[in-house]
Amino acid sequence: MPQAIERDNQVVLRHGWGISSIDFLFESGHVTGKLPFGRIDVQELDGQLKIDVQAPRKGSEDMAMLWRQALGMADYRMFVLHPFLSDTTHPDQLNFWIRGSLRINGVEVPGGLFLGQGHYLTVNNWWMGQPEGVMKPGSRREFRFADAQNHMYCVCQPSGGEANYTFVVESCLKPPDADDWCSGP
């Protein structure tokens, strides 16, 4: 049986308003077909955290179900980057997913962060999950979670060509029931 081709799969967590640092430490992950990861590189540079995962791109429903189970089957704890999937609540298939510890501005986020890659037609998309996170549906979907000191963070999808692989992380200064969660410039 032929070996699956490993590819570089990059996701970016860009610093938004009120963010000076984002740190991610890989702890575990799963690849379709139980294949190994080639490598996982994490680098913070120029106001963004780049995570490059070398893994095959072969989606499976089993991988998506493992992701959902790891997040307690709570679809509101998941957020997708894809312009055509704005009403999707969970992945149908994933190529792989990783989990790691997350620190924002030097403070740990309890439960860490889950990042998974799926695809829709010919375009890859990234999913973010957080065990205590909450997704807000709407025309501009946004995702919230808190750090260990109860400081709230918003995650939004940028517009333009990077929208399929970049999450913008901002400090939330507005109350949880505000219409416009992300408050950055």
# chains A, B, ... in the order shown; residues from 1 in each chain; ligands from 1

call {"tool": "residues_around", "arguments": {"residues": "Phe24 in chain A", "least_positions_apart": "4", "cutoff": "9 Å", "atoms": "only C-alpha atoms", "output": "VMD selection string"}}
result
chain A and resid 42 to 43 49 51 100 to 104 112 to 113

call {"tool": "select_by_dssp", "arguments": {"residues": "range 6-174 of chain A", "states": "strand (DSSP E)", "output": "PyMOL selection string"}}
result
chain A and resi 6-15+22-31+39-45+48-56+78-81+96-104+107-120+123-129+134-136+142-146+152-156+166-171

call {"tool": "residues_around", "arguments": {"residues": "Gln10 in chain A", "least_positions_apart": "3", "cutoff": "8 Å", "atoms": "only C-alpha atoms", "output": "compact mmCIF listing (two decimals) with N, CA and C atoms, in the first residue's frame"}}
result
# COMPACT_ATOMS: atom_id res chain seq x y z
N LYS A 50 3.16 31.08 14.09
CA LYS A 50 3.00 30.19 12.94
C LYS A 50 3.22 28.76 13.41
N ILE A 51 2.27 27.91 13.07
CA ILE A 51 2.38 26.48 13.39
C ILE A 51 2.36 25.74 12.06
N ASP A 52 3.43 25.00 11.79
CA ASP A 52 3.54 24.24 10.55
C ASP A 52 3.53 22.76 10.91
N VAL A 53 2.51 22.07 10.43
CA VAL A 53 2.34 20.65 10.72
C VAL A 53 2.61 19.87 9.44
N TYR A 165 -6.43 30.16 6.65
CA TYR A 165 -5.41 29.61 7.54
C TYR A 165 -4.97 30.54 8.66

call {"tool": "atom_distance", "arguments": {"atom1": "CA of Ser21 in chain A", "atom2": "CA of Phe114 in chain A"}}
result
18.1 Å

call {"tool": "closest_residue", "arguments": {"among": "A:Pro110, A:Gln54, A:Ile22, A:Val80", "to": "Pro158 in chain A", "atoms": "only C-alpha atoms"}}
result
A:Val80

call {"tool": "closest_residue", "arguments": {"among": "A:His151, A:His90, A:Arg57, A:Arg144", "to": "Gln69 in chain A", "atoms": "only C-alpha atoms"}}
result
A:His90

call {"tool": "atom_distance", "arguments": {"atom1": "CA of Phe143 in chain A", "atom2": "CA of Gln117 in chain A"}}
result
17.3 Å

call {"tool": "residues_around", "arguments": {"residues": "Ala64 in chain A", "least_positions_apart": "6", "cutoff": "9 Å", "atoms": "only C-alpha atoms", "output": "compact mmCIF listing (two decimals) with N, CA and C atoms, in the first residue's frame"}}
result
# COMPACT_ATOMS: atom_id res chain seq x y z
N HIS A 90 -19.57 21.71 13.07
CA HIS A 90 -18.50 20.77 13.38
C HIS A 90 -17.97 20.17 12.08
N PRO A 91 -16.74 19.65 12.10
CA PRO A 91 -16.19 19.06 10.89
C PRO A 91 -16.82 17.71 10.57
N ASP A 92 -17.05 17.46 9.30
CA ASP A 92 -17.50 16.14 8.86
C ASP A 92 -16.31 15.20 8.68
N GLN A 93 -15.20 15.78 8.22
CA GLN A 93 -13.96 15.03 8.04
C GLN A 93 -12.79 15.92 8.44
N LEU A 94 -11.76 15.30 8.98
CA LEU A 94 -10.51 16.01 9.27
C LEU A 94 -9.35 15.19 8.73
N ASN A 95 -8.31 15.89 8.28
CA ASN A 95 -7.08 15.23 7.86
C ASN A 95 -6.26 14.83 9.09
N PHE A 96 -6.21 15.73 10.06
CA PHE A 96 -5.48 15.52 11.31
C PHE A 96 -5.91 16.59 12.30
N TRP A 97 -5.53 16.40 13.56
CA TRP A 97 -5.69 17.46 14.56
C TRP A 97 -4.62 17.33 15.62
N GLY A 116 -7.33 21.65 14.08
CA GLY A 116 -7.53 20.54 13.16
C GLY A 116 -7.66 21.04 11.74
N GLY A 118 -9.24 20.28 8.01
CA GLY A 118 -10.18 19.55 7.17
C GLY A 118 -10.11 20.09 5.76
